[in-house]
Every structure is written in C-alpha cells, then in structure tokens.
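Some notes on the structure that comes next.
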Amino acid sequence: MWEEIVGHQENKEFLEGLLKKGDSPHALLFYGPEGIGKALLARHFARAFLCMSEGNKPCEACESCKVLNFKNENYAHPDYMFVAPEEVGKDLKVEQIRNVIEEAAFAPALSKHKVCIINAADSMNTISANAVLKILEEPPVGWLVILIATRKDKLLETILSRVIQVRFNPLKVEETQKVLTEKGFSETEAEVLARLSDGSLGAALNFQEAEGLKYRNLALDYIRAFPLKMPMNFLVENTHYDKVLPNRKEQRIFLQMEEYIFRDLLFMKLGLEAQIFNSDIQAELKEILVKWNESALKAAILATNRAARARANHTGMKGVLETLTISLNDYVEGRL
Ligand SMILES: [Zn+2]
C-alpha cells in the first residue's frame, strides 16, 4: 500500500499493521528530516484509518473515502484535521491548537475515529505544547493525534512519553532520483538534484525552484578561474557576482555549491568518483583538479564553509567574497 509514496518501507508496514490490528494508538509521532514525506504518509494513513469499510485499505467507495480524497483535493472530512503553520518556516499559533482542543469535545461525526495531524509540532510554544499534552493525557474517545516534527529534541519529554515514535530516515539517492524522474526531470538532472539534496525530496524541489543549478554553474565558473594573477582585480572586473547574487538566498546557495564542488574535487583526488554530488560536470571538474593538491582542497572546503557562516552572520557578501578569493588563491598556489 501507499506505493505512490516513495521509500519508508518499514514505516509503511508498521502503519499497515496498526490498521489490521484494529486497536489503534492514541498518538503517533513521525519525526525525521524535512521534505521526505512524513506529512504525506500521515495523510494517507489517516485516510485508510478513517475509511468506514472493513479491510485495511481505503475502499474508495464509502462516504469517508469520498470526502477525504487528496487526489481531488477534497479535505472536507468532519473527522479529519490537518494543522500546520500558516506559512512555511513560521511557528504554529496558539489559536490553531486551541481549535484542536475545542474540536476534541466532539465525537466522530462520520467515521469511527477522528484524526488530527499536527505538522511542525516542534514549532509549538510552551502554551501550545501543554495544551496538546492535555489531549494526549486524556485522549478523547476515538481520537488519533499524529504529531510531525523535524526535531524530536524540541518536544516536551512528557509529550514524547505519550506517543508512539516513528522515525523517518532520509530517502536514498536512488529513491529521490526516481521521484524526480517521474516528475519530468532528465536522468542526469534528477541524479544531481537528489545527491545535492541529501535525500530530501522537498529540498531537491526547492533547489530546483530556486534555480539551484544556475548558481552551481556560477560557482563552477568562479572556481575554474583560479589561480588568479590579481585576485582583487578579478572581483572588480567580475562585478556580475554582485548583480547575479542579489539576495541572501542565492548567495547562500552559491557558497554552498562552492563547498560541494570542492568536496567533489577532493573525493576525485582520493579516487572516490562514485561519491561525488556533481556527477554531470565530472569532465569540467577533472580539468580543475590538476591545479589543486589534496591539502589545498581540504583548506578550500574549510574556507568556503567559513565564508557561508560569515555571510549567515551578516558579513556583507562583498567582504565575504574578497576574503574567500584571496584565501583560495593562496591555497591553489601552495601558500597554505
Ligand atoms: Zn472507504
């Protein structure tokens, strides 16, 4: 079941087992990295759980299956709640949790159960968390609460002790790649995106949306220019780095891509070609590789990492690039 959701085979089997057994838990916690399908699986599990027919699959025919149908974007099931921050990256609001508490006073209206999914549960403040704890301590009849979190350690101990914890691991590169190919990406593009996103499908899609490969290629051009005769002049002559990297988001991607490229170069130096992220530009990397020795590459990785942190700590991009350019030029010329 849930073939449309990639990976997480063990968790799927565990959840299927819960459907079969019939004696459902009151609360589950799905935790693991961002963007790997936790909420998606929670939704599909909820649908199967709320189905009114016998059996452990959504029958697609009962009233419950009809009114909760993600394919038709139909979420108007009276016994289904999905609570999530109003915007990505924002916290859950106390009022949102208050709505859940109010709802807890009502028995299931259609199905035998009621399901409440709370996404980004690790962004609840203490008041919200304590309110949720109340529900977990005295679960209303027929209720199933599914908490979803990236950081388990940000949840109260008292909450953790009252939920069945289901751990989600990052997807394998091949799994992410498969989904991306199905979404219409070319084989190569899908592979690179999957590797760069470290098993997070969400991250891969965000990366694509942010034109991540464009900035990767920009980072490649930058690294290709070394060694420089006059590092400071290089930046003055190439003012396009200011123009094409106007915002922090692009700057962050650019610096991260530089780190990845140096990492790939080091892996290639060590004969670990199979491990590299940027497999589509291996030929270009080979040309660059002859100019760099192993210690210079290691130093370059650290320098790009420092640059990214400096930028994150509000050092201006111009200053960050100047320092980085001078350091990299020293390393490539053997001044370590
Ligand atoms: Zn059904």
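Following the order of the structure tokens, first chain is A, next is B, and so on, with residues numbered from 1 inside each chain and ligands from 1 in the order they appear.
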Using 10 Å as the limit and counting only C-alpha atoms and all ligand atoms, can you tabulate each residue of chain A that touches ligand 1, with its shortest atom-to-atom distance in Å and the two atoms involved, as a Markdown table?
| residue | atom | partner | partner_atom_place_in_ligand_line | distance |
| --- | --- | --- | --- | --- |
| A:Arg47 | CA | ligand 1 | 1 (Zn) | 8.1 |
| A:Ala48 | CA | ligand 1 | 1 (Zn) | 7.3 |
| A:Phe49 | CA | ligand 1 | 1 (Zn) | 9.0 |
| A:Leu50 | CA | ligand 1 | 1 (Zn) | 7.4 |
| A:Cys51 | CA | ligand 1 | 1 (Zn) | 3.8 |
| A:Met52 | CA | ligand 1 | 1 (Zn) | 5.1 |
| A:Ser53 | CA | ligand 1 | 1 (Zn) | 5.3 |
| A:Glu54 | CA | ligand 1 | 1 (Zn) | 8.4 |
| A:Gly55 | CA | ligand 1 | 1 (Zn) | 9.1 |
| A:Asn56 | CA | ligand 1 | 1 (Zn) | 9.4 |
| A:Lys57 | CA | ligand 1 | 1 (Zn) | 7.6 |
| A:Pro58 | CA | ligand 1 | 1 (Zn) | 4.6 |
| A:Cys59 | CA | ligand 1 | 1 (Zn) | 3.9 |
| A:Glu60 | CA | ligand 1 | 1 (Zn) | 4.9 |
| A:Ala61 | CA | ligand 1 | 1 (Zn) | 5.3 |
| A:Cys62 | CA | ligand 1 | 1 (Zn) | 4.2 |
| A:Glu63 | CA | ligand 1 | 1 (Zn) | 6.7 |
| A:Ser64 | CA | ligand 1 | 1 (Zn) | 5.6 |
| A:Cys65 | CA | ligand 1 | 1 (Zn) | 4.3 |
| A:Lys66 | CA | ligand 1 | 1 (Zn) | 7.4 |
| A:Val67 | CA | ligand 1 | 1 (Zn) | 9.6 |
| A:Leu68 | CA | ligand 1 | 1 (Zn) | 9.3 |
| A:Ser111 | CA | ligand 1 | 1 (Zn) | 9.5 |
* For Lys243 (chain A), please output as an MDAnalysis selection string all residues within 12 Å (counting only C-alpha atoms; exclusion window: fewer than 5 positions along the same chain). => chainID A and resid 238 250:251 317:318
* Quick one: everything within 8 Å of Tyr331 (chain A), counting only C-alpha atoms, minus sequence neighbours fewer than 5 positions away in the same chain. Send it as a list in words. => Ala296, Leu297, Ala299, Ala300 and Leu336 of chain A
With N, CA, C and O atoms kept, could you save the residues just selected as a PDB file, in the first residue's frame?
ATOM      1  N   ALA A 296      45.350  21.602  -0.376  1.00  0.00           N
ATOM      2  CA  ALA A 296      44.721  22.845  -0.829  1.00  0.00           C
ATOM      3  C   ALA A 296      43.204  22.665  -0.905  1.00  0.00           C
ATOM      4  O   ALA A 296      42.441  23.563  -0.532  1.00  0.00           O
ATOM      5  N   LEU A 297      42.752  21.495  -1.344  1.00  0.00           N
ATOM      6  CA  LEU A 297      41.311  21.239  -1.443  1.00  0.00           C
ATOM      7  C   LEU A 297      40.659  21.195  -0.067  1.00  0.00           C
ATOM      8  O   LEU A 297      39.580  21.734   0.145  1.00  0.00           O
ATOM      9  N   ALA A 299      41.712  22.717   2.586  1.00  0.00           N
ATOM     10  CA  ALA A 299      41.673  24.100   3.073  1.00  0.00           C
ATOM     11  C   ALA A 299      40.551  24.879   2.385  1.00  0.00           C
ATOM     12  O   ALA A 299      39.876  25.702   3.008  1.00  0.00           O
ATOM     13  N   ALA A 300      40.340  24.595   1.100  1.00  0.00           N
ATOM     14  CA  ALA A 300      39.298  25.303   0.344  1.00  0.00           C
ATOM     15  C   ALA A 300      37.901  24.969   0.877  1.00  0.00           C
ATOM     16  O   ALA A 300      37.034  25.837   0.965  1.00  0.00           O
ATOM     17  N   LEU A 336      49.804  27.713   2.034  1.00  0.00           N
ATOM     18  CA  LEU A 336      48.788  27.217   2.969  1.00  0.00           C
ATOM     19  C   LEU A 336      49.067  27.671   4.394  1.00  0.00           C
ATOM     20  O   LEU A 336      50.203  27.780   4.801  1.00  0.00           O
TER      21      LEU A 336
END
* Asked: How many Å separate CA of Lys112 (chain A) from CA of Asn74 (chain A)?
  ->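 Distance between the two atoms: 19.4 Å.
Using only C-alpha atoms, the smallest distance between any of A:Lys178, A:Lys152, A:Arg311, A:Lys291 and Val166 (chain A) comes from A:Lys152.
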Report as a Markdown table: every residue of region 73-190 of chain A with an atom at most 12 Å from region 201-222 of chain A, its closest pair of atoms, and their distance in Å to one decimal, counting only C-alpha atoms, with rows sorted by chain and ascending residue number.
| residue | atom | partner | partner_atom | distance |
| --- | --- | --- | --- | --- |
| A:Val88 | CA | A:Gly202 | CA | 11.9 |
| A:Pro170 | CA | A:Leu201 | CA | 9.0 |
| A:Leu171 | CA | A:Leu201 | CA | 7.8 |
| A:Lys172 | CA | A:Leu201 | CA | 10.0 |
| A:Val173 | CA | A:Leu201 | CA | 9.5 |
| A:Glu174 | CA | A:Leu201 | CA | 11.1 |
| A:Glu175 | CA | A:Leu201 | CA | 9.0 |
| A:Thr176 | CA | A:Leu201 | CA | 5.8 |
| A:Gln177 | CA | A:Leu201 | CA | 8.7 |
| A:Lys178 | CA | A:Leu201 | CA | 10.3 |
| A:Val179 | CA | A:Leu201 | CA | 8.1 |
| A:Leu180 | CA | A:Leu201 | CA | 8.1 |
| A:Thr181 | CA | A:Leu201 | CA | 11.7 |
| A:Lys183 | CA | A:Leu205 | CA | 10.0 |
| A:Gly184 | CA | A:Leu205 | CA | 11.8 |
| A:Phe185 | CA | A:Gln208 | CA | 10.0 |
| A:Thr188 | CA | A:Leu213 | CA | 11.8 |
| A:Glu189 | CA | A:Leu213 | CA | 8.9 |
| A:Ala190 | CA | A:Ala204 | CA | 8.7 |
* How many Å lie between CA of Val163 (chain A) and CA of Leu28 (chain A), rounded to one decimal? ->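 For CA of Val163 (chain A) relative to CA of Leu28 (chain A), the distance reads 5.0 Å.
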* Per-residue DSSP, region 50-158 of chain A, filtered to strand (DSSP E or B), as an MDAnalysis selection string -> chainID A and resid 69 74 80:83 114:118 143:149
Quick one: write out the picked residues with all heavy atoms as a compact mmCIF listing (two decimals), in the first residue's frame?
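And here's again_4.txt as it stands now:
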# COMPACT_ATOMS: atom_id res chain seq x y z
N ASN A 69 -10.35 12.94 -0.07
CA ASN A 69 -9.71 12.40 -1.25
C ASN A 69 -8.66 13.38 -1.76
O ASN A 69 -8.98 14.41 -2.35
CB ASN A 69 -10.77 12.13 -2.33
CG ASN A 69 -10.21 11.31 -3.47
OD1 ASN A 69 -8.99 11.31 -3.68
ND2 ASN A 69 -11.06 10.65 -4.21
N ASN A 74 -9.88 17.07 -1.94
CA ASN A 74 -11.06 17.12 -1.11
C ASN A 74 -10.67 16.78 0.33
O ASN A 74 -10.28 15.66 0.62
CB ASN A 74 -12.07 16.09 -1.65
CG ASN A 74 -13.47 16.43 -1.23
OD1 ASN A 74 -13.66 17.29 -0.37
ND2 ASN A 74 -14.44 15.76 -1.82
N TYR A 80 -11.48 14.85 10.21
CA TYR A 80 -10.08 14.97 9.81
C TYR A 80 -9.62 16.41 10.01
O TYR A 80 -10.25 17.35 9.53
CB TYR A 80 -9.94 14.57 8.34
CG TYR A 80 -8.58 14.82 7.74
CD1 TYR A 80 -7.53 13.93 7.96
CD2 TYR A 80 -8.34 15.95 6.94
CE1 TYR A 80 -6.28 14.17 7.40
CE2 TYR A 80 -7.10 16.18 6.38
CZ TYR A 80 -6.07 15.29 6.61
OH TYR A 80 -4.84 15.52 6.06
N MET A 81 -8.53 16.57 10.73
CA MET A 81 -7.95 17.91 10.91
C MET A 81 -6.48 17.86 10.53
O MET A 81 -5.77 16.94 10.93
CB MET A 81 -8.03 18.34 12.38
CG MET A 81 -9.39 18.65 12.89
SD MET A 81 -9.28 19.21 14.62
CE MET A 81 -9.08 20.98 14.39
N PHE A 82 -6.06 18.84 9.80
CA PHE A 82 -4.63 18.96 9.48
C PHE A 82 -4.21 20.35 9.89
O PHE A 82 -4.65 21.35 9.33
CB PHE A 82 -4.39 18.73 7.99
CG PHE A 82 -2.94 18.70 7.62
CD1 PHE A 82 -2.22 17.51 7.67
CD2 PHE A 82 -2.27 19.87 7.25
CE1 PHE A 82 -0.87 17.47 7.34
CE2 PHE A 82 -0.92 19.84 6.92
CZ PHE A 82 -0.23 18.64 6.96
N VAL A 83 -3.38 20.41 10.92
CA VAL A 83 -2.97 21.71 11.46
C VAL A 83 -1.50 21.94 11.09
O VAL A 83 -0.66 21.09 11.36
CB VAL A 83 -3.11 21.72 13.00
CG1 VAL A 83 -2.80 23.10 13.55
CG2 VAL A 83 -4.51 21.28 13.40
N LYS A 114 -11.48 9.92 14.81
CA LYS A 114 -11.15 11.28 14.40
C LYS A 114 -9.62 11.33 14.31
O LYS A 114 -8.95 10.79 15.19
CB LYS A 114 -11.58 12.24 15.50
CG LYS A 114 -12.71 13.17 15.13
CD LYS A 114 -13.06 14.01 16.34
CE LYS A 114 -13.48 15.40 15.94
NZ LYS A 114 -14.86 15.51 15.49
N VAL A 115 -9.09 11.96 13.27
CA VAL A 115 -7.65 12.06 13.16
C VAL A 115 -7.26 13.54 13.13
O VAL A 115 -7.85 14.32 12.40
CB VAL A 115 -7.12 11.39 11.88
CG1 VAL A 115 -5.62 11.59 11.75
CG2 VAL A 115 -7.43 9.90 11.89
N CYS A 116 -6.28 13.87 13.93
CA CYS A 116 -5.75 15.22 13.91
C CYS A 116 -4.25 15.17 13.67
O CYS A 116 -3.51 14.63 14.48
CB CYS A 116 -6.06 15.91 15.23
SG CYS A 116 -5.32 17.53 15.34
N ILE A 117 -3.83 15.71 12.55
CA ILE A 117 -2.40 15.74 12.24
C ILE A 117 -1.87 17.13 12.60
O ILE A 117 -2.42 18.14 12.15
CB ILE A 117 -2.16 15.45 10.74
CG1 ILE A 117 -2.73 14.07 10.37
CG2 ILE A 117 -0.67 15.53 10.40
CD1 ILE A 117 -2.67 13.76 8.88
N ILE A 118 -0.85 17.18 13.40
CA ILE A 118 -0.24 18.48 13.74
C ILE A 118 1.16 18.53 13.13
O ILE A 118 2.09 17.86 13.61
CB ILE A 118 -0.18 18.68 15.28
CG1 ILE A 118 -1.60 18.60 15.86
CG2 ILE A 118 0.46 20.03 15.60
CD1 ILE A 118 -1.68 18.81 17.35
N TRP A 143 -10.04 9.27 19.21
CA TRP A 143 -9.08 10.21 18.64
C TRP A 143 -7.73 9.58 18.34
O TRP A 143 -7.22 8.78 19.10
CB TRP A 143 -8.84 11.38 19.60
CG TRP A 143 -9.68 12.56 19.26
CD1 TRP A 143 -11.04 12.58 19.22
CD2 TRP A 143 -9.22 13.86 18.91
NE1 TRP A 143 -11.46 13.83 18.86
CE2 TRP A 143 -10.38 14.64 18.68
CE3 TRP A 143 -7.97 14.45 18.79
CZ2 TRP A 143 -10.31 15.99 18.31
CZ3 TRP A 143 -7.91 15.79 18.43
CH2 TRP A 143 -9.07 16.55 18.19
N LEU A 144 -7.18 10.02 17.23
CA LEU A 144 -5.79 9.70 16.94
C LEU A 144 -5.08 11.01 16.58
O LEU A 144 -5.50 11.72 15.68
CB LEU A 144 -5.67 8.72 15.77
CG LEU A 144 -4.25 8.54 15.23
CD1 LEU A 144 -3.33 7.91 16.27
CD2 LEU A 144 -4.24 7.71 13.96
N VAL A 145 -4.05 11.32 17.33
CA VAL A 145 -3.27 12.52 17.04
C VAL A 145 -1.95 12.08 16.41
O VAL A 145 -1.29 11.17 16.92
CB VAL A 145 -2.97 13.32 18.34
CG1 VAL A 145 -2.08 14.53 18.04
CG2 VAL A 145 -4.26 13.76 19.00
N ILE A 146 -1.61 12.68 15.28
CA ILE A 146 -0.30 12.39 14.68
C ILE A 146 0.52 13.68 14.71
O ILE A 146 0.17 14.67 14.05
CB ILE A 146 -0.42 11.89 13.23
CG1 ILE A 146 -1.36 10.67 13.16
CG2 ILE A 146 0.95 11.51 12.67
CD1 ILE A 146 -1.57 10.13 11.75
N LEU A 147 1.57 13.67 15.49
CA LEU A 147 2.48 14.82 15.53
C LEU A 147 3.58 14.60 14.50
O LEU A 147 4.07 13.48 14.34
CB LEU A 147 3.11 14.96 16.92
CG LEU A 147 2.16 15.13 18.11
CD1 LEU A 147 2.96 15.16 19.41
CD2 LEU A 147 1.36 16.41 17.96
N ILE A 148 3.95 15.68 13.83
CA ILE A 148 5.02 15.58 12.85
C ILE A 148 6.10 16.59 13.21
O ILE A 148 5.80 17.75 13.48
CB ILE A 148 4.50 15.84 11.43
CG1 ILE A 148 3.46 14.77 11.09
CG2 ILE A 148 5.63 15.83 10.41
CD1 ILE A 148 2.77 14.96 9.78
N ALA A 149 7.33 16.12 13.28
CA ALA A 149 8.40 17.03 13.72
C ALA A 149 9.71 16.70 13.02
O ALA A 149 9.98 15.55 12.68
CB ALA A 149 8.58 16.90 15.24
* Per-residue DSSP, region 277-331 of chain A, filtered to helix (DSSP H, G or I), as a PyMOL selection string -> chain A and resi 279-289+294-312+317-331
